[in-house]
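One file, upload_13.pdb, is given below (PDB, C-alpha atoms).
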ATOM      1  CA  MET A 110      13.322  19.094  80.421  1.00  0.00           C
ATOM      2  CA  GLY A 111       9.722  18.329  81.502  1.00  0.00           C
ATOM      3  CA  THR A 112       6.586  18.607  79.402  1.00  0.00           C
ATOM      4  CA  SER A 113       4.479  21.633  80.235  1.00  0.00           C
ATOM      5  CA  PRO A 114       0.844  21.047  81.295  1.00  0.00           C
ATOM      6  CA  THR A 115      -0.372  22.923  78.202  1.00  0.00           C
ATOM      7  CA  ILE A 116       1.570  20.732  75.781  1.00  0.00           C
ATOM      8  CA  PHE A 117       0.512  17.606  77.688  1.00  0.00           C
ATOM      9  CA  MET A 118      -3.137  18.651  77.436  1.00  0.00           C
ATOM     10  CA  ILE A 119      -2.874  19.231  73.669  1.00  0.00           C
ATOM     11  CA  LEU A 120      -1.264  15.824  73.169  1.00  0.00           C
ATOM     12  CA  PHE A 121      -3.899  14.170  75.353  1.00  0.00           C
ATOM     13  CA  VAL A 122      -6.747  15.784  73.415  1.00  0.00           C
ATOM     14  CA  ALA A 123      -5.188  14.756  70.092  1.00  0.00           C
ATOM     15  CA  VAL A 124      -4.837  11.137  71.225  1.00  0.00           C
ATOM     16  CA  GLY A 125      -8.405  11.222  72.502  1.00  0.00           C
ATOM     17  CA  CYS A 126      -9.653  12.339  69.080  1.00  0.00           C
ATOM     18  CA  PHE A 127      -7.798   9.487  67.384  1.00  0.00           C
ATOM     19  CA  MET A 128      -9.345   6.991  69.802  1.00  0.00           C
ATOM     20  CA  ALA A 129     -12.846   8.406  69.567  1.00  0.00           C
ATOM     21  CA  TYR A 130     -12.965   8.643  65.776  1.00  0.00           C
ATOM     22  CA  PRO A 131     -11.049   5.699  64.316  1.00  0.00           C
ATOM     23  CA  GLY A 132     -12.903   6.100  61.008  1.00  0.00           C
ATOM     24  CA  ALA A 133     -11.234   9.494  60.578  1.00  0.00           C
ATOM     25  CA  VAL A 134      -7.801   7.973  61.118  1.00  0.00           C
ATOM     26  CA  THR A 135      -7.675   5.318  58.451  1.00  0.00           C
ATOM     27  CA  ALA A 136      -9.538   4.425  55.311  1.00  0.00           C
ATOM     28  CA  LYS A 137     -10.210   0.738  55.853  1.00  0.00           C
ATOM     29  CA  HIS A 138      -9.750  -1.315  52.701  1.00  0.00           C
ATOM     30  CA  THR A 139     -12.460  -3.994  52.839  1.00  0.00           C
ATOM     31  CA  GLY A 140     -13.047  -4.717  49.153  1.00  0.00           C
ATOM     32  CA  ILE A 141     -10.832  -5.439  46.183  1.00  0.00           C
ATOM     33  CA  THR A 142      -8.248  -3.341  44.364  1.00  0.00           C
ATOM     34  CA  ARG A 143      -9.319  -2.061  40.956  1.00  0.00           C
ATOM     35  CA  HIS A 144      -6.728  -0.851  38.453  1.00  0.00           C
ATOM     36  CA  TYR A 145      -7.309   1.676  35.676  1.00  0.00           C
ATOM     37  CA  THR A 146      -4.947   3.344  33.205  1.00  0.00           C
ATOM     38  CA  PHE A 147      -5.683   6.836  31.866  1.00  0.00           C
ATOM     39  CA  ASN A 148      -3.698   7.719  28.749  1.00  0.00           C
ATOM     40  CA  ILE A 149      -4.033  11.468  28.226  1.00  0.00           C
ATOM     41  CA  LYS A 150      -3.939  11.852  24.450  1.00  0.00           C
ATOM     42  CA  PRO A 151      -5.249  14.157  21.702  1.00  0.00           C
ATOM     43  CA  LYS A 152      -8.057  13.171  19.360  1.00  0.00           C
ATOM     44  CA  ASN A 153      -9.849  14.909  16.515  1.00  0.00           C
ATOM     45  CA  ILE A 154     -13.550  15.368  17.313  1.00  0.00           C
ATOM     46  CA  THR A 155     -16.268  16.934  15.149  1.00  0.00           C
ATOM     47  CA  ARG A 156     -19.227  18.765  16.675  1.00  0.00           C
ATOM     48  CA  LEU A 157     -21.403  21.487  15.093  1.00  0.00           C
ATOM     49  CA  CYS A 158     -19.580  20.898  11.763  1.00  0.00           C
ATOM     50  CA  HIS A 159     -16.370  21.982  13.470  1.00  0.00           C
ATOM     51  CA  THR A 160     -13.449  19.556  13.745  1.00  0.00           C
ATOM     52  CA  LYS A 161     -10.677  20.155  16.231  1.00  0.00           C
ATOM     53  CA  SER A 162      -8.138  18.301  18.342  1.00  0.00           C
ATOM     54  CA  ILE A 163      -9.167  17.916  21.974  1.00  0.00           C
ATOM     55  CA  VAL A 164      -7.504  16.419  25.033  1.00  0.00           C
ATOM     56  CA  THR A 165      -9.061  13.076  25.995  1.00  0.00           C
ATOM     57  CA  VAL A 166      -8.581  10.074  28.247  1.00  0.00           C
ATOM     58  CA  ASN A 167      -7.927   6.930  26.207  1.00  0.00           C
ATOM     59  CA  GLY A 168      -9.271   8.711  23.130  1.00  0.00           C
ATOM     60  CA  LYS A 169     -12.807   8.898  24.549  1.00  0.00           C
ATOM     61  CA  PHE A 170     -15.074  11.935  24.925  1.00  0.00           C
ATOM     62  CA  PRO A 171     -16.453  11.924  27.541  1.00  0.00           C
ATOM     63  CA  GLY A 172     -13.896   9.754  29.261  1.00  0.00           C
ATOM     64  CA  PRO A 173     -14.222   6.140  30.433  1.00  0.00           C
ATOM     65  CA  ARG A 174     -16.437   5.025  33.285  1.00  0.00           C
ATOM     66  CA  VAL A 175     -14.697   4.198  36.540  1.00  0.00           C
ATOM     67  CA  ILE A 176     -16.811   1.586  38.303  1.00  0.00           C
ATOM     68  CA  THR A 177     -16.075   0.505  41.849  1.00  0.00           C
ATOM     69  CA  ARG A 178     -17.766  -0.616  45.068  1.00  0.00           C
ATOM     70  CA  GLU A 179     -17.853   0.872  48.527  1.00  0.00           C
ATOM     71  CA  GLY A 180     -14.763  -0.361  50.355  1.00  0.00           C
ATOM     72  CA  ASP A 181     -12.710  -0.936  47.195  1.00  0.00           C
ATOM     73  CA  ARG A 182      -9.312   0.565  46.566  1.00  0.00           C
ATOM     74  CA  LEU A 183      -8.763   2.414  43.297  1.00  0.00           C
ATOM     75  CA  VAL A 184      -5.339   2.542  41.677  1.00  0.00           C
ATOM     76  CA  VAL A 185      -5.357   4.785  38.605  1.00  0.00           C
ATOM     77  CA  LYS A 186      -2.201   5.355  36.576  1.00  0.00           C
ATOM     78  CA  VAL A 187      -2.337   8.576  34.547  1.00  0.00           C
ATOM     79  CA  VAL A 188       0.123   8.868  31.649  1.00  0.00           C
ATOM     80  CA  ASN A 189       0.405  12.308  30.036  1.00  0.00           C
ATOM     81  CA  ARG A 190       0.939  12.239  26.266  1.00  0.00           C
ATOM     82  CA  VAL A 191      -0.065  15.849  25.502  1.00  0.00           C
ATOM     83  CA  PRO A 192       1.942  19.108  25.834  1.00  0.00           C
ATOM     84  CA  ASN A 193      -0.378  20.411  28.574  1.00  0.00           C
ATOM     85  CA  ASN A 194       0.368  19.756  32.217  1.00  0.00           C
ATOM     86  CA  ILE A 195      -2.515  17.874  33.815  1.00  0.00           C
ATOM     87  CA  SER A 196      -3.884  16.313  36.984  1.00  0.00           C
ATOM     88  CA  ILE A 197      -7.079  14.375  37.733  1.00  0.00           C
ATOM     89  CA  HIS A 198      -9.481  15.239  40.561  1.00  0.00           C
ATOM     90  CA  TRP A 199     -11.895  12.681  42.012  1.00  0.00           C
ATOM     91  CA  HIS A 200     -14.830  15.001  42.575  1.00  0.00           C
ATOM     92  CA  GLY A 201     -16.614  14.346  45.865  1.00  0.00           C
ATOM     93  CA  VAL A 202     -14.478  11.421  47.035  1.00  0.00           C
ATOM     94  CA  ARG A 203     -13.663  11.498  50.743  1.00  0.00           C
ATOM     95  CA  GLN A 204      -9.900  11.228  50.773  1.00  0.00           C
ATOM     96  CA  LEU A 205      -9.274   9.759  54.221  1.00  0.00           C
ATOM     97  CA  ARG A 206      -5.516   9.835  54.832  1.00  0.00           C
ATOM     98  CA  SER A 207      -4.977   9.991  51.060  1.00  0.00           C
ATOM     99  CA  GLY A 208      -5.196  13.725  50.415  1.00  0.00           C
ATOM    100  CA  TRP A 209      -2.247  13.499  48.022  1.00  0.00           C
ATOM    101  CA  ALA A 210      -4.585  11.554  45.685  1.00  0.00           C
ATOM    102  CA  ASP A 211      -7.198  14.329  45.519  1.00  0.00           C
ATOM    103  CA  GLY A 212      -5.746  15.850  42.365  1.00  0.00           C
ATOM    104  CA  PRO A 213      -5.856  19.699  42.381  1.00  0.00           C
ATOM    105  CA  SER A 214      -2.691  20.924  40.673  1.00  0.00           C
ATOM    106  CA  TYR A 215      -0.272  22.911  42.858  1.00  0.00           C
ATOM    107  CA  ILE A 216      -2.342  22.078  45.949  1.00  0.00           C
ATOM    108  CA  THR A 217      -2.035  18.347  46.556  1.00  0.00           C
ATOM    109  CA  GLN A 218       0.455  17.616  43.780  1.00  0.00           C
ATOM    110  CA  CYS A 219       2.550  19.079  41.011  1.00  0.00           C
ATOM    111  CA  PRO A 220       0.821  18.627  37.654  1.00  0.00           C
ATOM    112  CA  ILE A 221       1.859  15.710  35.473  1.00  0.00           C
ATOM    113  CA  GLN A 222       4.174  16.905  32.711  1.00  0.00           C
ATOM    114  CA  ILE A 223       4.337  15.549  29.179  1.00  0.00           C
ATOM    115  CA  GLY A 224       5.903  12.095  29.065  1.00  0.00           C
ATOM    116  CA  HIS A 225       5.425  11.558  32.798  1.00  0.00           C
ATOM    117  CA  SER A 226       2.926   9.565  34.834  1.00  0.00           C
ATOM    118  CA  TYR A 227       1.340   9.627  38.269  1.00  0.00           C
ATOM    119  CA  VAL A 228      -0.524   6.953  40.230  1.00  0.00           C
ATOM    120  CA  TYR A 229      -3.619   7.840  42.270  1.00  0.00           C
ATOM    121  CA  ASN A 230      -4.218   5.365  45.091  1.00  0.00           C
ATOM    122  CA  PHE A 231      -7.210   5.756  47.407  1.00  0.00           C
ATOM    123  CA  THR A 232     -10.041   3.830  49.046  1.00  0.00           C
ATOM    124  CA  ILE A 233     -13.773   4.477  48.678  1.00  0.00           C
ATOM    125  CA  THR A 234     -15.029   4.763  52.259  1.00  0.00           C
ATOM    126  CA  GLY A 235     -18.584   5.340  53.417  1.00  0.00           C
ATOM    127  CA  GLN A 236     -19.853   6.373  49.990  1.00  0.00           C
ATOM    128  CA  ARG A 237     -22.040   4.862  47.298  1.00  0.00           C
ATOM    129  CA  GLY A 238     -23.753   6.477  44.360  1.00  0.00           C
ATOM    130  CA  THR A 239     -22.659   8.799  41.565  1.00  0.00           C
ATOM    131  CA  LEU A 240     -19.602  11.061  41.429  1.00  0.00           C
ATOM    132  CA  PHE A 241     -17.254  12.011  38.614  1.00  0.00           C
ATOM    133  CA  TRP A 242     -13.618  12.658  37.828  1.00  0.00           C
ATOM    134  CA  HIS A 243     -12.173  15.530  35.786  1.00  0.00           C
ATOM    135  CA  ALA A 244      -8.970  17.361  34.938  1.00  0.00           C
ATOM    136  CA  HIS A 245      -8.055  19.912  37.595  1.00  0.00           C
ATOM    137  CA  ILE A 246      -5.861  22.463  35.891  1.00  0.00           C
ATOM    138  CA  SER A 247      -6.976  25.397  33.747  1.00  0.00           C
ATOM    139  CA  TRP A 248      -9.963  24.432  31.554  1.00  0.00           C
ATOM    140  CA  LEU A 249      -8.853  20.982  30.408  1.00  0.00           C
ATOM    141  CA  ARG A 250     -11.894  19.655  32.251  1.00  0.00           C
ATOM    142  CA  ALA A 251     -13.973  20.911  29.313  1.00  0.00           C
ATOM    143  CA  THR A 252     -13.155  17.594  27.618  1.00  0.00           C
ATOM    144  CA  VAL A 253     -11.347  15.535  30.264  1.00  0.00           C
ATOM    145  CA  TYR A 254     -14.069  14.133  32.488  1.00  0.00           C
ATOM    146  CA  GLY A 255     -16.054  10.968  33.106  1.00  0.00           C
ATOM    147  CA  PRO A 256     -18.340   9.172  35.570  1.00  0.00           C
ATOM    148  CA  LEU A 257     -17.248   7.596  38.840  1.00  0.00           C
ATOM    149  CA  ILE A 258     -19.871   5.026  39.812  1.00  0.00           C
ATOM    150  CA  ILE A 259     -19.787   3.571  43.326  1.00  0.00           C
ATOM    151  CA  LEU A 260     -21.887   0.426  43.704  1.00  0.00           C
ATOM    152  CA  PRO A 261     -22.953  -0.976  47.094  1.00  0.00           C
ATOM    153  CA  ARG A 262     -20.704  -3.529  48.752  1.00  0.00           C
ATOM    154  CA  ARG A 263     -21.017  -6.995  47.293  1.00  0.00           C
ATOM    155  CA  ASN A 264     -24.088  -8.823  48.611  1.00  0.00           C
ATOM    156  CA  GLU A 265     -25.619  -5.517  49.722  1.00  0.00           C
ATOM    157  CA  SER A 266     -28.599  -4.019  47.915  1.00  0.00           C
ATOM    158  CA  TYR A 267     -29.660  -0.525  46.949  1.00  0.00           C
ATOM    159  CA  PRO A 268     -31.840   1.318  49.503  1.00  0.00           C
ATOM    160  CA  PHE A 269     -34.586   1.249  46.858  1.00  0.00           C
ATOM    161  CA  VAL A 270     -35.992  -1.223  44.343  1.00  0.00           C
ATOM    162  CA  LYS A 271     -33.267  -2.289  41.940  1.00  0.00           C
ATOM    163  CA  PRO A 272     -33.758  -0.516  38.591  1.00  0.00           C
ATOM    164  CA  TYR A 273     -34.142  -2.321  35.298  1.00  0.00           C
ATOM    165  CA  LYS A 274     -31.145  -0.443  33.916  1.00  0.00           C
ATOM    166  CA  GLU A 275     -28.614   2.188  35.000  1.00  0.00           C
ATOM    167  CA  VAL A 276     -27.621   4.991  32.623  1.00  0.00           C
ATOM    168  CA  PRO A 277     -24.949   7.662  33.251  1.00  0.00           C
ATOM    169  CA  ILE A 278     -25.852  11.011  31.668  1.00  0.00           C
ATOM    170  CA  LEU A 279     -23.136  13.661  31.706  1.00  0.00           C
ATOM    171  CA  PHE A 280     -23.972  17.292  31.016  1.00  0.00           C
ATOM    172  CA  GLY A 281     -21.123  19.212  29.424  1.00  0.00           C
ATOM    173  CA  GLU A 282     -20.213  22.102  27.158  1.00  0.00           C
ATOM    174  CA  TRP A 283     -18.730  22.269  23.678  1.00  0.00           C
ATOM    175  CA  PHE A 284     -16.501  25.126  22.549  1.00  0.00           C
ATOM    176  CA  ASN A 285     -15.628  25.552  18.883  1.00  0.00           C
ATOM    177  CA  ALA A 286     -12.672  27.565  20.149  1.00  0.00           C
ATOM    178  CA  ASP A 287      -9.926  26.134  22.334  1.00  0.00           C
ATOM    179  CA  PRO A 288     -11.238  26.279  25.941  1.00  0.00           C
ATOM    180  CA  GLU A 289      -7.718  27.123  27.105  1.00  0.00           C
ATOM    181  CA  ALA A 290      -7.758  30.218  24.893  1.00  0.00           C
ATOM    182  CA  VAL A 291     -11.200  31.156  26.227  1.00  0.00           C
ATOM    183  CA  ILE A 292     -10.144  31.124  29.876  1.00  0.00           C
ATOM    184  CA  ASN A 293      -6.786  32.794  29.113  1.00  0.00           C
ATOM    185  CA  GLN A 294      -8.570  35.680  27.398  1.00  0.00           C
ATOM    186  CA  SER A 295     -10.858  36.039  30.402  1.00  0.00           C
ATOM    187  CA  LEU A 296      -7.912  36.163  32.797  1.00  0.00           C
ATOM    188  CA  GLN A 297      -6.143  38.782  30.682  1.00  0.00           C
ATOM    189  CA  THR A 298      -9.155  41.088  30.334  1.00  0.00           C
ATOM    190  CA  GLY A 299     -10.730  40.547  33.743  1.00  0.00           C
ATOM    191  CA  GLY A 300     -14.093  39.867  32.136  1.00  0.00           C
ATOM    192  CA  GLY A 301     -16.176  36.738  32.248  1.00  0.00           C
ATOM    193  CA  PRO A 302     -15.282  33.919  29.858  1.00  0.00           C
ATOM    194  CA  ASN A 303     -17.140  33.630  26.579  1.00  0.00           C
ATOM    195  CA  VAL A 304     -20.048  31.201  26.700  1.00  0.00           C
ATOM    196  CA  SER A 305     -19.816  27.789  25.090  1.00  0.00           C
ATOM    197  CA  ASP A 306     -21.266  27.060  21.654  1.00  0.00           C
ATOM    198  CA  ALA A 307     -23.459  24.211  22.912  1.00  0.00           C
ATOM    199  CA  TYR A 308     -24.480  22.176  25.916  1.00  0.00           C
ATOM    200  CA  THR A 309     -24.009  18.442  25.550  1.00  0.00           C
ATOM    201  CA  PHE A 310     -25.494  15.152  26.735  1.00  0.00           C
ATOM    202  CA  ASN A 311     -22.730  12.543  26.933  1.00  0.00           C
ATOM    203  CA  GLY A 312     -20.635  14.667  24.593  1.00  0.00           C
ATOM    204  CA  LEU A 313     -23.377  15.257  21.997  1.00  0.00           C
ATOM    205  CA  PRO A 314     -25.052  18.667  21.428  1.00  0.00           C
ATOM    206  CA  GLY A 315     -28.405  17.400  20.173  1.00  0.00           C
ATOM    207  CA  PRO A 316     -30.809  18.490  17.411  1.00  0.00           C
ATOM    208  CA  LEU A 317     -31.547  22.035  18.591  1.00  0.00           C
ATOM    209  CA  TYR A 318     -28.183  23.322  17.334  1.00  0.00           C
ATOM    210  CA  ASN A 319     -27.200  23.961  13.731  1.00  0.00           C
ATOM    211  CA  CYS A 320     -25.403  21.093  12.010  1.00  0.00           C
ATOM    212  CA  SER A 321     -26.048  18.761  14.922  1.00  0.00           C
ATOM    213  CA  ALA A 322     -29.065  16.623  14.010  1.00  0.00           C
ATOM    214  CA  LYS A 323     -26.988  13.435  13.899  1.00  0.00           C
ATOM    215  CA  ASP A 324     -25.055  14.271  17.084  1.00  0.00           C
ATOM    216  CA  THR A 325     -27.929  13.483  19.430  1.00  0.00           C
ATOM    217  CA  TYR A 326     -27.863  11.220  22.460  1.00  0.00           C
ATOM    218  CA  LYS A 327     -30.772   8.782  22.336  1.00  0.00           C
ATOM    219  CA  LEU A 328     -31.881   6.569  25.215  1.00  0.00           C
ATOM    220  CA  LYS A 329     -34.114   3.661  24.278  1.00  0.00           C
ATOM    221  CA  VAL A 330     -36.421   2.551  27.083  1.00  0.00           C
ATOM    222  CA  LYS A 331     -39.127  -0.053  27.647  1.00  0.00           C
ATOM    223  CA  PRO A 332     -42.580   0.945  28.914  1.00  0.00           C
ATOM    224  CA  GLY A 333     -43.204   0.178  32.569  1.00  0.00           C
ATOM    225  CA  LYS A 334     -39.530  -0.295  33.423  1.00  0.00           C
ATOM    226  CA  THR A 335     -37.642   1.736  36.041  1.00  0.00           C
ATOM    227  CA  TYR A 336     -34.376   3.374  35.009  1.00  0.00           C
ATOM    228  CA  LEU A 337     -31.694   4.809  37.279  1.00  0.00           C
ATOM    229  CA  LEU A 338     -30.288   7.920  35.602  1.00  0.00           C
ATOM    230  CA  ARG A 339     -26.904   8.884  37.010  1.00  0.00           C
ATOM    231  CA  LEU A 340     -26.922  12.611  36.243  1.00  0.00           C
ATOM    232  CA  ILE A 341     -23.597  14.462  36.348  1.00  0.00           C
ATOM    233  CA  ASN A 342     -23.097  18.171  35.724  1.00  0.00           C
ATOM    234  CA  ALA A 343     -19.637  18.407  34.165  1.00  0.00           C
ATOM    235  CA  ALA A 344     -20.307  21.850  32.658  1.00  0.00           C
ATOM    236  CA  LEU A 345     -17.658  24.452  33.403  1.00  0.00           C
ATOM    237  CA  ASN A 346     -19.578  27.337  34.946  1.00  0.00           C
ATOM    238  CA  ASP A 347     -23.304  26.620  34.849  1.00  0.00           C
ATOM    239  CA  GLU A 348     -25.959  25.183  37.097  1.00  0.00           C
ATOM    240  CA  LEU A 349     -28.243  23.018  34.976  1.00  0.00           C
ATOM    241  CA  PHE A 350     -31.705  21.536  35.429  1.00  0.00           C
ATOM    242  CA  PHE A 351     -33.060  18.237  34.139  1.00  0.00           C
ATOM    243  CA  SER A 352     -36.541  16.914  33.464  1.00  0.00           C
ATOM    244  CA  ILE A 353     -38.320  14.451  31.195  1.00  0.00           C
ATOM    245  CA  ALA A 354     -41.540  15.604  29.571  1.00  0.00           C
ATOM    246  CA  ASP A 355     -44.677  13.916  30.946  1.00  0.00           C
ATOM    247  CA  HIS A 356     -42.703  11.864  33.468  1.00  0.00           C
ATOM    248  CA  SER A 357     -42.164  12.023  37.219  1.00  0.00           C
ATOM    249  CA  LEU A 358     -38.662  11.590  38.603  1.00  0.00           C
ATOM    250  CA  THR A 359     -37.710  10.328  42.062  1.00  0.00           C
ATOM    251  CA  VAL A 360     -34.388  11.509  43.505  1.00  0.00           C
ATOM    252  CA  VAL A 361     -32.720   8.586  45.288  1.00  0.00           C
ATOM    253  CA  GLU A 362     -29.198   9.947  45.884  1.00  0.00           C
ATOM    254  CA  ALA A 363     -27.096  13.097  45.575  1.00  0.00           C
ATOM    255  CA  ASP A 364     -23.286  13.333  45.500  1.00  0.00           C
ATOM    256  CA  ALA A 365     -22.837   9.764  46.805  1.00  0.00           C
TER     257      ALA A 365
END

Show me, as structure tokens, the structure contained in the file I just sent.
Amino acid sequence: MGTSPTIFMILFVAVGCFMAYPGAVTAKHTGITRHYTFNIKPKNITRLCHTKSIVTVNGKFPGPRVITREGDRLVVKVVNRVPNNISIHWHGVRQLRSGWADGPSYITQCPIQIGHSYVYNFTITGQRGTLFWHAHISWLRATVYGPLIILPRRNESYPFVKPYKEVPILFGEWFNADPEAVINQSLQTGGGPNVSDAYTFNGLPGPLYNCSAKDTYKLKVKPGKTYLLRLINAALNDELFFSIADHSLTVVEADA
């Protein structure tokens, strides 16, 4: 049986696209392979004079920094040690031929069940700058999140003067209640979810909240030095703004 002209044309166009855009076909691995292990585990945390058990990565809140370079391959093993199903999403990463590593539960993978593990394997291609990772099921991302920092290729420089120091600053939210209960109530009633009890900088609410004077993020700086602030909005439902009193800020990158 012969191939119809229509089918032949479709195949020809598809092959032409593969030839014309090789970068869209494969994620070329030109750097090194970096390995991380995420142990999903509970930990008691106190904020606003309220102690509760939260879901964390490696017992840290916020979670650990993932540092890589453009062209590197990331291999991240996630081990689930909590009763909740979970998956990890690499927010903003271009998953070229590695969509199964993107992380949304029930879309690119089944969630990781208690006692099970999953390995995310992908290459950073054509990106440098600041992204972040977070849980991608229900509202576990209220506490399961962290920075993903993509440095330039080795021996390549920033497209601006190298800063004196780089500082990740993650905006988040703290709920005295269980965030899972908050979103479940919203889904049952059809109303909007209750607001959080505090906004946080790197997991700390700051001095403007009751019982929080000691839980303040402090950044020590030197006069005349340039600092690269890697700002990440990991809040659940809010757009946030950032400024520093009596200082001018220069935006050098957005979403890698």

Local residues around (-26.9, 22.1, 17.8), at most 12 Å away, using only C-alpha atoms, as a PyMOL selection string: chain A and resi 156-159+282-285+305-310+312-326

Selection near segment 334-347 of chain A, 9 Å with all atoms listed in the file, sequence-local residues under 6 positions removed, as a ChimeraX atom specification: /A:238-241,243,248,250-251,254-256,258,270-282,308-309,361

Taking into account all atoms listed in the file, which residue in the set A:Thr298, A:Gln236, A:Asn194, A:Asn293 is nearest to Cys219 of chain A?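 The closest residue to Cys219 of chain A is A:Asn194.
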
To one decimal in Å, tell me the separation between atom CA of Val304 of chain A and atom CA of Trp199 of chain A.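 Interatomic distance, atom CA of Val304 of chain A to atom CA of Trp199 of chain A: 25.4 Å.
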
For this file, the PyMOL selection byres ((chain A and resi 204) around 9) selects which residues, as a ChimeraX atom specification? /A:136,201-203,205-211,231-234

Distance in Å - atom CA of Val187 of chain A versus atom CA of Leu249 of chain A: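 Atom-to-atom, atom CA of Val187 of chain A and atom CA of Leu249 of chain A are spaced 14.6 Å apart.
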
If you apply the PyMOL selection byres ((chain A and resi 153) around 12) to this file, what residues do you get, as an MDAnalysis selection string? chainID A and resid 150:152 154:156 159:165 168:170 252

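Picked out by the PyMOL selection byres ((chain A and resi 223) around 7) when it runs on this file: Asn189, Arg190, Val191, Pro192, Asn193, Asn194, Ile221, Gln222, Gly224 and His225 of chain A.
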
Pick from A:Pro213, A:Ser226, A:Phe269, A:Asp181, whichever lies nearest to Val360 of chain A using only C-alpha atoms: A:Phe269

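Atom CA of Arg143 of chain A sits 8.7 Å away from atom CA of Ile176 of chain A.
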
Within 12 Å of file point (-18.2, -3.7, 50.9), counting all atoms listed in the file, expressed as an MDAnalysis selection string: chainID A and resid 137:142 177:182 232:237 259:266

Quick one: 8 Å padding each side, axis-aligned, all listed atoms of segment 142-152 of chain A - centre and edge lengths in Å to one decimal, as lines of an AutoDock Vina configuration file?
center_x = -6.5
center_y = 5.4
center_z = 31.9
size_x = 21.6
size_y = 33.5
size_z = 41.0
